[in-house]
>>> print(open('upload_5.txt').read())   # compact mmCIF, C-alpha atoms
# COMPACT_ATOMS: atom_id res chain seq x y z
CA MET A 130 0.00 0.00 0.00
CA LYS A 131 2.78 2.38 0.89
CA GLY A 132 4.60 1.59 -2.36
CA ARG A 133 1.51 2.39 -4.40
CA MET A 134 1.07 5.73 -2.64
CA ALA A 135 4.74 6.57 -3.35
CA SER A 136 4.41 5.77 -7.05
CA VAL A 137 1.35 8.07 -7.34
CA ALA A 138 3.32 10.87 -5.69
CA MET A 139 6.20 10.26 -8.06
CA LEU A 140 3.84 10.37 -11.00
CA ARG A 141 2.34 13.63 -9.77
CA LEU A 142 5.80 15.07 -9.45
CA LEU A 143 6.67 13.90 -12.95
CA VAL A 144 3.49 15.33 -14.43
CA GLY A 145 4.14 18.62 -12.67
CA ALA A 146 7.68 18.71 -13.96
CA LEU A 147 6.47 17.95 -17.47
CA ALA A 148 3.84 20.71 -17.28
CA LEU A 149 6.41 23.18 -16.05
CA SER A 150 8.84 22.13 -18.77
CA LEU A 151 6.14 22.50 -21.40
CA ALA A 152 5.28 25.98 -20.16
CA LEU A 153 8.96 26.97 -20.19
CA VAL A 154 9.55 25.54 -23.67
CA VAL A 155 6.46 27.27 -25.08
CA GLY A 156 7.18 30.55 -23.35
CA LEU A 157 10.94 30.73 -23.78
CA LEU A 158 11.62 28.79 -26.96
CA LEU A 159 8.62 28.22 -29.16
CA ARG A 160 6.96 31.63 -28.99
CA PRO A 161 10.13 33.74 -29.59
CA ALA A 162 11.29 31.40 -32.35
CA TRP A 163 7.86 31.57 -33.99
CA GLN A 164 7.77 35.34 -33.72
CA ALA A 165 11.28 35.68 -35.11
CA ARG A 166 10.39 33.40 -37.98
CA GLY A 167 7.24 35.44 -38.75
CA GLU A 168 9.16 38.72 -38.68
CA ALA A 169 11.95 37.33 -40.85
CA LEU A 170 9.41 36.02 -43.37
CA ALA A 171 7.60 39.38 -43.45
CA LYS A 172 10.89 41.23 -43.99
CA LEU A 173 11.86 38.75 -46.68
CA ALA A 174 8.54 39.22 -48.48
CA ALA A 175 8.89 43.02 -48.32
CA GLY A 176 12.50 42.81 -49.47
CA GLU A 177 11.60 40.52 -52.37
CA LYS A 178 8.81 42.85 -53.43
CA GLU A 179 11.13 45.83 -53.34
CA LEU A 180 13.76 43.88 -55.25
CA ALA A 181 11.17 42.98 -57.90
CA ASP A 182 10.22 46.68 -58.20
CA MET A 183 13.89 47.62 -58.50
CA ARG A 184 14.39 44.99 -61.20
CA GLN A 185 11.41 46.41 -63.08
CA ILE A 186 13.05 49.83 -62.92
CA THR A 187 16.35 48.36 -64.09
CA ALA A 188 14.54 46.73 -67.00
CA ALA A 189 13.04 50.13 -67.88
CA ILE A 190 16.45 51.83 -68.14
CA PRO A 191 16.93 51.19 -71.91
CA ALA A 192 13.47 52.62 -72.65
CA THR A 193 14.14 55.62 -70.41
CA ARG A 194 17.49 56.17 -72.10
CA ALA A 195 15.83 55.98 -75.54
CA ARG A 196 13.23 58.51 -74.42
CA LEU A 197 15.98 60.78 -73.12
CA GLU A 198 17.83 60.57 -76.43
CA ALA A 199 14.61 61.35 -78.33
CA GLN A 200 13.98 64.38 -76.13
CA ARG A 201 17.60 65.45 -76.55
CA LEU A 202 17.17 65.39 -80.32
CA VAL A 203 13.94 67.40 -80.08
CA VAL A 204 15.64 70.00 -77.89
CA GLN A 205 18.75 70.11 -80.08
CA ALA A 206 16.58 70.62 -83.16
CA GLY A 207 14.61 73.35 -81.40
CA GLU A 208 17.68 75.09 -80.03
CA SER A 209 19.40 75.05 -83.40
CA GLY A 210 16.69 77.47 -84.57
CA LEU A 211 17.39 79.94 -81.76
CA ALA A 212 19.98 82.63 -81.37
CA LYS A 213 22.46 82.82 -78.53
CA ALA A 214 22.31 85.77 -76.19
CA SER A 215 25.71 86.93 -77.42
CA ASP A 216 24.65 86.80 -81.07
CA ASP A 217 23.05 90.28 -81.06
CA THR A 218 25.87 91.99 -82.94
CA GLN A 219 26.07 89.12 -85.43
CA ILE A 220 22.32 89.46 -86.04
CA ILE A 221 22.69 93.17 -86.74
CA ARG A 222 25.44 92.40 -89.24
CA LEU A 223 23.33 89.65 -90.80
CA ILE A 224 20.30 91.94 -91.18
CA GLU A 225 22.48 94.55 -92.84
CA GLU A 226 23.89 91.88 -95.14
CA LEU A 227 20.40 90.60 -96.04
CA ALA A 228 19.24 94.14 -96.80
CA GLY A 229 21.91 94.51 -99.45
CA PRO A 230 22.18 97.64 -101.59
CA ASP A 231 18.45 97.79 -102.48
CA VAL A 232 17.03 98.04 -98.98
CA SER A 233 17.95 100.56 -96.35
CA VAL A 234 17.36 99.51 -92.76
CA THR A 235 16.48 102.72 -90.97
CA THR A 236 15.63 101.54 -87.46
CA LEU A 237 16.43 98.56 -85.27
CA LEU A 238 14.82 98.58 -81.83
CA ALA A 239 15.12 95.91 -79.18
CA GLY A 240 12.78 95.61 -76.21
CA GLU A 241 13.29 94.10 -72.81
CA ARG A 242 14.38 90.51 -72.62
CA VAL A 243 11.94 88.31 -70.73
CA PRO A 244 12.42 84.65 -69.79
CA LEU A 245 10.27 82.23 -71.74
CA GLN A 246 7.81 80.56 -69.38
CA ALA A 247 5.99 77.28 -69.81
CA PRO A 248 2.29 77.67 -70.64
CA GLN A 249 0.01 77.41 -67.65
CA ARG A 250 -1.98 74.20 -67.28
CA GLY A 251 -5.34 74.59 -68.93
CA ALA A 252 -4.27 77.73 -70.74
CA LYS A 253 -5.20 78.17 -74.39
CA GLY A 254 -2.75 76.29 -76.57
CA GLY A 255 -1.35 74.34 -73.63
CA SER A 256 -1.68 70.58 -73.59
CA GLY A 257 -3.72 68.81 -70.99
CA SER A 258 -0.81 66.58 -70.02
CA ALA A 259 1.25 66.94 -66.88
CA GLN A 260 3.05 70.22 -66.46
CA PRO A 261 6.77 69.83 -67.19
CA GLU A 262 8.98 70.72 -64.28
CA ALA A 263 10.48 74.20 -64.31
CA GLU A 264 14.26 74.32 -64.46
CA PRO A 265 15.82 75.16 -61.12
CA GLY A 266 18.02 77.88 -62.57
CA GLY A 267 15.13 79.66 -64.30
CA SER A 268 14.08 79.50 -67.92
CA PRO A 269 16.91 78.56 -70.31
CA TYR A 270 15.30 80.62 -73.07
CA GLY A 271 14.47 84.26 -73.40
CA LYS A 272 12.29 86.34 -75.64
CA LEU A 273 13.26 89.76 -76.91
CA SER A 274 10.76 91.98 -78.69
CA PHE A 275 12.12 93.84 -81.67
CA ARG A 276 11.04 96.39 -84.24
CA MET A 277 12.74 97.08 -87.50
CA GLU A 278 12.03 99.68 -90.16
CA ALA A 279 13.36 99.64 -93.69
CA VAL A 280 12.76 101.47 -96.94
CA GLY A 281 13.14 100.37 -100.53
CA MET A 282 11.23 99.09 -103.51
CA GLN A 283 8.43 96.65 -102.87
CA GLU A 284 10.08 93.61 -104.51
CA ALA A 285 13.37 94.25 -102.73
CA LEU A 286 11.62 94.68 -99.37
CA GLU A 287 9.57 91.53 -99.94
CA SER A 288 12.65 89.42 -100.66
CA PHE A 289 14.42 91.07 -97.70
CA LEU A 290 11.50 90.14 -95.41
CA GLY A 291 11.53 86.57 -96.74
CA ALA A 292 15.27 86.30 -96.13
CA LEU A 293 14.85 87.82 -92.69
CA GLU A 294 12.24 85.24 -91.70
CA GLY A 295 14.34 82.36 -92.93
CA ALA A 296 17.91 83.33 -92.18
CA VAL A 297 17.94 85.01 -88.79
CA PRO A 298 17.99 82.34 -86.09
CA GLY A 299 15.30 82.71 -83.46
CA LEU A 300 13.53 85.52 -85.26
CA ARG A 301 9.76 85.26 -85.37
CA VAL A 302 7.96 88.00 -87.27
CA GLU A 303 4.62 88.73 -85.67
CA ALA A 304 3.42 91.77 -87.60
CA VAL A 305 4.35 93.71 -90.69
CA GLN A 306 3.16 97.00 -92.04
CA TRP A 307 3.75 98.19 -95.57
CA ASP A 308 3.24 101.85 -96.45
CA SER A 309 3.87 103.28 -99.86
CA THR A 310 5.96 106.41 -99.75
CA PRO A 311 3.91 109.27 -101.18
CA GLY A 312 5.20 110.68 -104.44
CA THR A 313 7.63 107.82 -105.04
CA GLU A 314 7.47 104.16 -105.93
CA GLY A 315 9.24 103.27 -102.73
CA TRP A 316 7.84 101.59 -99.65
CA HIS A 317 8.33 101.83 -95.95
CA LEU A 318 8.29 98.50 -94.15
CA VAL A 319 7.81 98.08 -90.42
CA VAL A 320 8.51 94.61 -89.04
CA SER A 321 7.86 93.71 -85.44
CA GLY A 322 8.18 90.44 -83.66
CA SER A 323 10.24 88.48 -81.20
CA LEU A 324 13.74 87.14 -81.09
CA TYR A 325 13.99 83.86 -79.16
CA LEU A 326 17.32 83.35 -77.46
CA ILE A 327 19.19 80.72 -75.52
CA GLN A 328 19.98 82.51 -72.26
CA MET B 29 -21.04 -22.95 2.55
CA THR B 30 -18.67 -20.10 2.45
CA ARG B 31 -17.70 -18.79 -1.04
CA ILE B 32 -14.28 -17.44 -1.68
CA ASN B 33 -13.52 -15.34 -4.87
CA LEU B 34 -10.10 -16.34 -6.03
CA LEU B 35 -10.22 -14.17 -9.26
CA ARG B 36 -8.51 -10.75 -9.46
CA PRO B 37 -10.88 -7.93 -8.71
CA ARG B 38 -12.16 -6.34 -12.00
CA LEU B 39 -12.43 -2.80 -10.64
CA PRO B 40 -9.02 -1.17 -10.04
CA SER B 41 -8.29 0.32 -6.74
CA ARG B 42 -8.42 4.15 -6.32
CA GLN B 43 -4.64 4.41 -6.40
CA SER B 44 -4.45 2.37 -9.55
CA ALA B 45 -7.00 4.60 -11.27
CA GLN B 46 -5.12 7.71 -10.18
CA ARG B 47 -1.87 6.22 -11.43
CA LEU B 48 -3.42 5.49 -14.75
CA ARG B 49 -4.81 9.02 -15.03
CA LEU B 50 -1.50 10.56 -14.11
CA ALA B 51 0.30 8.29 -16.53
CA GLY B 52 -2.06 9.43 -19.31
CA VAL B 53 -1.64 13.09 -18.46
CA GLY B 54 2.09 12.59 -18.20
CA ALA B 55 2.21 10.92 -21.59
CA ALA B 56 0.16 13.72 -23.16
CA LEU B 57 2.37 16.36 -21.55
CA GLY B 58 5.46 14.51 -22.70
CA LEU B 59 4.13 14.37 -26.24
CA ALA B 60 3.24 18.06 -26.15
CA LEU B 61 6.69 18.87 -24.81
CA LEU B 62 8.30 16.83 -27.56
CA LEU B 63 6.16 18.55 -30.19
CA SER B 64 6.92 21.99 -28.75
CA LEU B 65 10.63 21.30 -28.76
CA SER B 66 10.45 20.07 -32.36
CA ALA B 67 8.40 23.07 -33.39
CA SER B 68 10.85 25.41 -31.66
CA LEU B 69 13.76 23.83 -33.47
CA TRP B 70 11.90 23.97 -36.78
CA ALA B 71 10.84 27.60 -36.27
CA GLY B 72 14.39 28.54 -35.34
CA ALA B 73 15.77 26.83 -38.43
CA ALA B 74 13.09 28.42 -40.64
CA GLY B 75 13.83 31.83 -39.13
CA ARG B 76 17.54 31.38 -39.79
CA LEU B 77 16.80 30.34 -43.39
CA ALA B 78 14.57 33.37 -43.89
CA ALA B 79 17.25 35.62 -42.39
CA GLY B 80 19.80 34.13 -44.77
CA ALA B 81 17.49 34.66 -47.74
CA LEU B 82 16.85 38.22 -46.53
CA ALA B 83 20.59 38.87 -46.41
CA ARG B 84 20.90 37.66 -50.00
CA VAL B 85 17.96 39.85 -51.04
CA GLU B 86 19.56 42.85 -49.31
CA GLU B 87 22.77 42.18 -51.19
CA GLN B 88 20.89 42.09 -54.50
CA ARG B 89 19.01 45.24 -53.55
CA ALA B 90 22.30 47.01 -52.89
CA ARG B 91 23.43 46.00 -56.39
CA GLU B 92 20.14 47.10 -57.97
CA ALA B 93 20.24 50.41 -56.07
CA ARG B 94 23.00 51.60 -58.40
CA HIS B 95 20.75 50.94 -61.41
CA VAL B 96 17.85 52.66 -59.71
CA ALA B 97 20.02 55.70 -59.07
CA GLU B 98 21.01 55.69 -62.75
CA TRP B 99 17.34 55.41 -63.74
CA GLN B 100 16.43 58.30 -61.44
CA ALA B 101 19.15 60.45 -62.98
CA LEU B 102 17.93 59.59 -66.47
CA LYS B 103 14.35 60.41 -65.47
CA ALA B 104 15.40 63.76 -64.00
CA GLU B 105 17.33 64.62 -67.15
CA THR B 106 14.40 63.55 -69.34
CA ARG B 107 12.02 65.73 -67.31
CA ALA B 108 14.35 68.71 -67.67
CA LEU B 109 14.55 68.14 -71.44
CA GLU B 110 10.77 67.76 -71.64
CA ALA B 111 10.42 71.11 -69.91
CA ARG B 112 12.79 72.62 -72.46
CA ALA B 113 10.90 70.97 -75.33
CA ALA B 114 7.64 72.44 -73.98
CA LEU B 115 9.22 75.90 -74.01
CA LEU B 116 10.58 75.36 -77.51
CA ALA B 117 7.14 74.24 -78.70
CA GLN B 118 5.91 77.76 -78.02
CA VAL B 119 8.60 79.12 -80.33
CA GLU B 120 7.49 76.74 -83.06
CA ARG B 121 3.88 77.84 -82.68
CA ALA B 122 4.91 81.47 -83.16
CA ALA B 123 6.43 80.73 -86.57
CA VAL B 124 4.38 82.43 -89.29
CA ARG B 125 5.90 83.51 -92.59
CA PHE B 126 4.69 86.95 -93.62
CA ALA B 127 6.73 87.52 -96.76
CA PRO B 128 4.94 84.88 -98.89
CA LEU B 129 1.53 86.08 -97.69
CA SER B 130 2.41 89.70 -98.51
CA GLY B 131 3.57 88.57 -101.95
CA ARG B 132 0.31 86.72 -102.59
CA ILE B 133 -1.70 89.78 -101.56
CA TRP B 134 0.27 92.05 -103.96
CA ALA B 135 -0.20 89.51 -106.72
CA ALA B 136 -3.96 89.39 -106.15
CA ALA B 137 -4.41 93.07 -107.02
CA PRO B 138 -6.12 93.40 -110.43
CA PRO B 139 -4.77 95.86 -113.03
CA GLY B 140 -5.70 99.41 -112.16
CA CYS B 141 -5.78 98.62 -108.48
CA SER B 142 -2.82 99.59 -106.34
CA VAL B 143 -2.16 98.80 -102.71
CA LYS B 144 -0.90 101.73 -100.65
CA GLN B 145 -0.86 100.18 -97.23
CA LEU B 146 -0.83 96.61 -96.00
CA ILE B 147 -0.95 95.72 -92.32
CA LEU B 148 -0.56 92.17 -91.05
CA ALA B 149 -1.20 92.67 -87.34
CA PRO B 150 -0.09 90.35 -84.51
CA THR B 151 -3.74 89.80 -83.64
CA GLY B 152 -4.20 88.13 -87.02
CA GLU B 153 -5.98 91.13 -88.44
CA LEU B 154 -5.34 92.02 -92.06
CA ILE B 155 -5.84 95.55 -93.38
CA VAL B 156 -5.40 96.53 -97.01
CA LYS B 157 -5.72 100.11 -98.18
CA GLY B 158 -5.24 101.42 -101.69
CA GLU B 159 -6.68 102.98 -104.77
CA ALA B 160 -8.54 101.61 -107.77
CA GLU B 161 -10.04 102.88 -110.98
CA SER B 162 -13.54 101.80 -109.98
CA HIS B 163 -15.57 100.09 -107.29
CA ARG B 164 -15.75 97.01 -109.58
CA GLU B 165 -11.97 96.63 -109.34
CA VAL B 166 -12.21 96.85 -105.57
CA ALA B 167 -14.82 94.10 -105.63
CA ASP B 168 -12.61 92.01 -107.95
CA PHE B 169 -9.68 92.51 -105.59
CA VAL B 170 -11.74 91.39 -102.58
CA ASP B 171 -12.94 88.31 -104.47
CA ARG B 172 -9.36 87.42 -105.35
CA LEU B 173 -8.11 88.04 -101.83
CA ARG B 174 -10.74 85.63 -100.50
CA THR B 175 -9.09 82.86 -102.52
CA VAL B 176 -5.55 83.66 -101.34
CA PRO B 177 -4.12 80.93 -99.07
CA GLY B 178 -3.58 82.40 -95.64
CA VAL B 179 -6.43 84.87 -95.93
CA GLU B 180 -9.30 83.60 -93.87
CA ARG B 181 -11.73 86.46 -94.23
CA MET B 182 -11.84 89.69 -96.21
CA GLU B 183 -14.47 92.43 -96.19
CA VAL B 184 -14.81 95.89 -97.69
CA GLU B 185 -14.65 98.51 -94.98
CA ALA B 186 -14.88 101.54 -97.27
CA SER B 187 -14.72 102.30 -100.97
CA SER B 188 -15.17 105.93 -101.99
CA ARG B 189 -14.30 107.94 -105.05
CA THR B 190 -12.13 110.93 -104.21
CA THR B 191 -12.93 114.32 -105.64
CA GLY B 192 -9.34 115.26 -106.55
CA SER B 193 -7.93 112.36 -108.56
CA GLY B 194 -11.24 110.72 -109.34
CA ARG B 195 -9.86 107.37 -108.23
CA VAL B 196 -11.56 105.10 -105.73
CA ALA B 197 -9.89 104.89 -102.34
CA PHE B 198 -10.64 101.62 -100.59
CA SER B 199 -10.06 100.08 -97.22
CA LEU B 200 -10.40 96.33 -96.69
CA ARG B 201 -10.32 94.44 -93.42
CA GLY B 202 -9.94 90.75 -92.90
CA ALA B 203 -8.15 88.07 -91.01
CA MET B 204 -5.17 85.83 -91.59
CA GLY B 205 -5.75 82.12 -91.52
CA GLY B 206 -3.71 78.99 -90.97
CA GLY B 207 -2.21 78.95 -94.47
CA ALA B 208 0.02 81.94 -93.82
CA GLN B 209 3.19 79.82 -93.95
>>> encode(input="upload_5.txt", output="structure tokens")
Amino acid sequence: MKGRMASVAMLRLLVGALALSLALVVGLLLRPAWQARGEALAKLAAGEKELADMRQITAAIPATRARLEAQRLVVQAGESGLAKASDDTQIIRLIEELAGPDVSVTTLLAGERVPLQAPQRGAKGGSGSAQPEAEPGGSPYGKLSFRMEAVGMQEALESFLGALEGAVPGLRVEAVQWDSTPGTEGWHLVVSGSLYLIQ
Amino acid sequence: MTRINLLRPRLPSRQSAQRLRLAGVGAALGLALLLSLSASLWAGAAGRLAAGALARVEEQRAREARHVAEWQALKAETRALEARAALLAQVERAAVRFAPLSGRIWAAAPPGCSVKQLILAPTGELIVKGEAESHREVADFVDRLRTVPGVERMEVEASSRTTGSGRVAFSLRGAMGGGAQ
């Protein structure tokens, strides 16, 4: 009888020890290991997603480079039609050269130079697409209003105006006025417009 | 006659039942402990594997970061060029050739009709003033001007015979159109 009682007590002790061990293993080993595993898996998933996004970006580099080159060509073509800010004296010489002996340029007036600004979103003539970013250093292009007066025969002035519109870089004629000179066959031509410059 | 039961009792004693219960609980706890230990080991190993994979991913991300930086630089440069192209597009829109239009207007004048003033205004307005032998010539001139490419609209503003020379002084007003190139 005594031996049976002792074995029950031993069993109780063993069960208690097992329960305590289980609680310790769950609390100190299993739960932290499980949590660490969950966190590592979450970080891995986030890292893999970010890596996939980065690889997508890397794959887009050739297309972006091609787009950049296309834009560079557009800008180069556009800028080749503009004058440089330091070209003012060359333009005066060119106008005089284009006038030749048959046309006399009487007046050359330049207005204030203003930076060329991008059209406002929704403004007339502006596209509905996203507004391009403004350059940090201000507009790279400027616009200078000008007025020129010349006298000569009508045919000579007409060919001079045609040459002016085609040969002077950046020059955009916006208005012309022809007046016949009273008592002669000569004409007085007033040309006004803008000169677009690379700042 | 006295009967004696020599068989083992079928019902276990209280201690035996308790022992059995405890043995069952002990076995269950032992199994749970074994499973918990196994799960802990497995979770630890899985965590270490995930950490290793994460380290490899981080390494690859560091390599890709250089490409991303290159892509960002390309994008920034493209945006700057797009901004420039948008500015240059305004310059292109301003391009109108006035010399050919003026030439076509001179050429449209019928014999006996002479232009004395021609204004091609920045607003797109077109003003022609001159003299003609008769009102008919003025009308002919207006009809011809209406067919000139680049002239969108043309109307007679005034046509009056002057007392001195006897010629007809006229004033026409119209608008330039898209064909002014």
>>> closest_atom_pairs(input="upload_5.txt", of="chain A", to="chain B", cutoff="7 Å", atoms="all atoms listed in the file", output="CSV")
residue,atom,partner,partner_atom,distance
A:Arg133,CA,B:Gln43,CA,6.8
A:Met134,CA,B:Gln43,CA,7.0
A:Val137,CA,B:Arg47,CA,5.5
A:Leu140,CA,B:Leu50,CA,6.2
A:Arg141,CA,B:Leu50,CA,6.6
A:Val144,CA,B:Gly54,CA,4.9
A:Leu147,CA,B:Leu57,CA,6.0
A:Ala148,CA,B:Leu57,CA,6.3
A:Leu151,CA,B:Leu61,CA,5.0
A:Val154,CA,B:Leu65,CA,6.7
A:Val155,CA,B:Ser64,CA,6.4
A:Leu158,CA,B:Ser68,CA,5.8
A:Leu159,CA,B:Ser68,CA,4.4
A:Ala162,CA,B:Gly72,CA,5.2
A:Trp163,CA,B:Ala71,CA,5.5
A:Ala165,CA,B:Gly75,CA,6.1
A:Arg166,CA,B:Gly75,CA,4.0
A:Ala169,CA,B:Ala78,CA,5.6
A:Leu170,CA,B:Ala78,CA,5.8
A:Leu173,CA,B:Leu82,CA,5.0
A:Gly176,CA,B:Val85,CA,6.4
A:Glu177,CA,B:Val85,CA,6.5
A:Leu180,CA,B:Arg89,CA,5.7
A:Met183,CA,B:Glu92,CA,6.3
A:Arg184,CA,B:Glu92,CA,6.9
A:Ile186,CA,B:Val96,CA,6.4
A:Thr187,CA,B:His95,CA,5.8
A:Ile190,CA,B:Trp99,CA,5.7
A:Thr193,CA,B:Leu102,CA,6.8
A:Arg194,CA,B:Leu102,CA,6.6
A:Leu197,CA,B:Thr106,CA,4.9
A:Gln200,CA,B:Leu109,CA,6.0
A:Arg201,CA,B:Leu109,CA,6.5
A:Val203,CA,B:Ala113,CA,6.7
A:Val204,CA,B:Ala113,CA,5.5
A:Gly207,CA,B:Leu116,CA,6.0
A:Leu245,CA,B:Leu115,CA,6.8
A:Gln246,CA,B:Leu115,CA,6.7
A:Ala247,CA,B:Leu115,CA,5.5
A:Pro261,CA,B:Ala111,CA,4.7
A:Glu262,CA,B:Ala111,CA,5.8
A:Ala263,CA,B:Ala111,CA,6.4
A:Glu264,CA,B:Ala108,CA,6.5
A:Glu287,CA,B:Ala127,CA,5.9
A:Leu290,CA,B:Ala127,CA,5.6
A:Gly291,CA,B:Ala127,CA,4.9
A:Glu294,CA,B:Arg125,CA,6.6
A:Arg301,CA,B:Ala123,CA,5.7
A:Val302,CA,B:Val124,CA,6.9
A:Glu303,CA,B:Pro150,CA,5.1
A:Ala304,CA,B:Ala149,CA,4.7
A:Val305,CA,B:Leu148,CA,5.2
A:Gln306,CA,B:Ile147,CA,4.3
A:Trp307,CA,B:Leu146,CA,4.9
A:Asp308,CA,B:Gln145,CA,4.5
A:Ser309,CA,B:Lys144,CA,5.1
>>> atom_distance(input="upload_5.txt", atom1="atom CA of B:Val176", atom2="atom CA of B:Ile133")
7.2 Å
>>> atom_distance(input="upload_5.txt", atom1="atom CA of A:Gln205", atom2="atom CA of A:Pro248")
20.4 Å
>>> residues_around(input="upload_5.txt", residues="A:Leu238", least_positions_apart="3", cutoff="8 Å", atoms="only C-alpha atoms", output="list of chain:residue names")
A:Phe275, A:Arg276, A:Met277
>>> residues_near_point(input="upload_5.txt", point="(11.2, 103.9, -98.9)", cutoff="9 Å", atoms="all atoms listed in the file", output="list of chain:residue names")
A:Val232, A:Ser233, A:Ala279, A:Val280, A:Gly281, A:Met282, A:Gln283, A:Asp308, A:Ser309, A:Thr310, A:Thr313, A:Glu314, A:Gly315, A:Trp316, A:His317, A:Leu318
>>> closest_residue(input="upload_5.txt", among="A:Leu143, A:Val243, A:Ala212, A:Ile220", to="A:Ile327", atoms="all atoms listed in the file")
A:Ala212
>>> closest_residue(input="upload_5.txt", among="B:Arg164, B:Arg189, B:Arg181, B:Arg172", to="B:Arg132", atoms="all atoms listed in the file")
B:Arg172
>>> atom_distance(input="upload_5.txt", atom1="atom CA of A:Ala189", atom2="atom CA of A:Ala174")
22.7 Å
>>> residues_around(input="upload_5.txt", residues="A:Leu324", least_positions_apart="4", cutoff="7 Å", atoms="only C-alpha atoms", output="compact mmCIF listing (two decimals) with C-alpha atoms, in the coordinates of the input")
# COMPACT_ATOMS: atom_id res chain seq x y z
CA LYS A 272 12.29 86.34 -75.64
CA LEU A 273 13.26 89.76 -76.91
CA SER A 274 10.76 91.98 -78.69
CA PHE A 275 12.12 93.84 -81.67
CA GLY A 299 15.30 82.71 -83.46
CA LEU A 300 13.53 85.52 -85.26
CA ARG A 301 9.76 85.26 -85.37
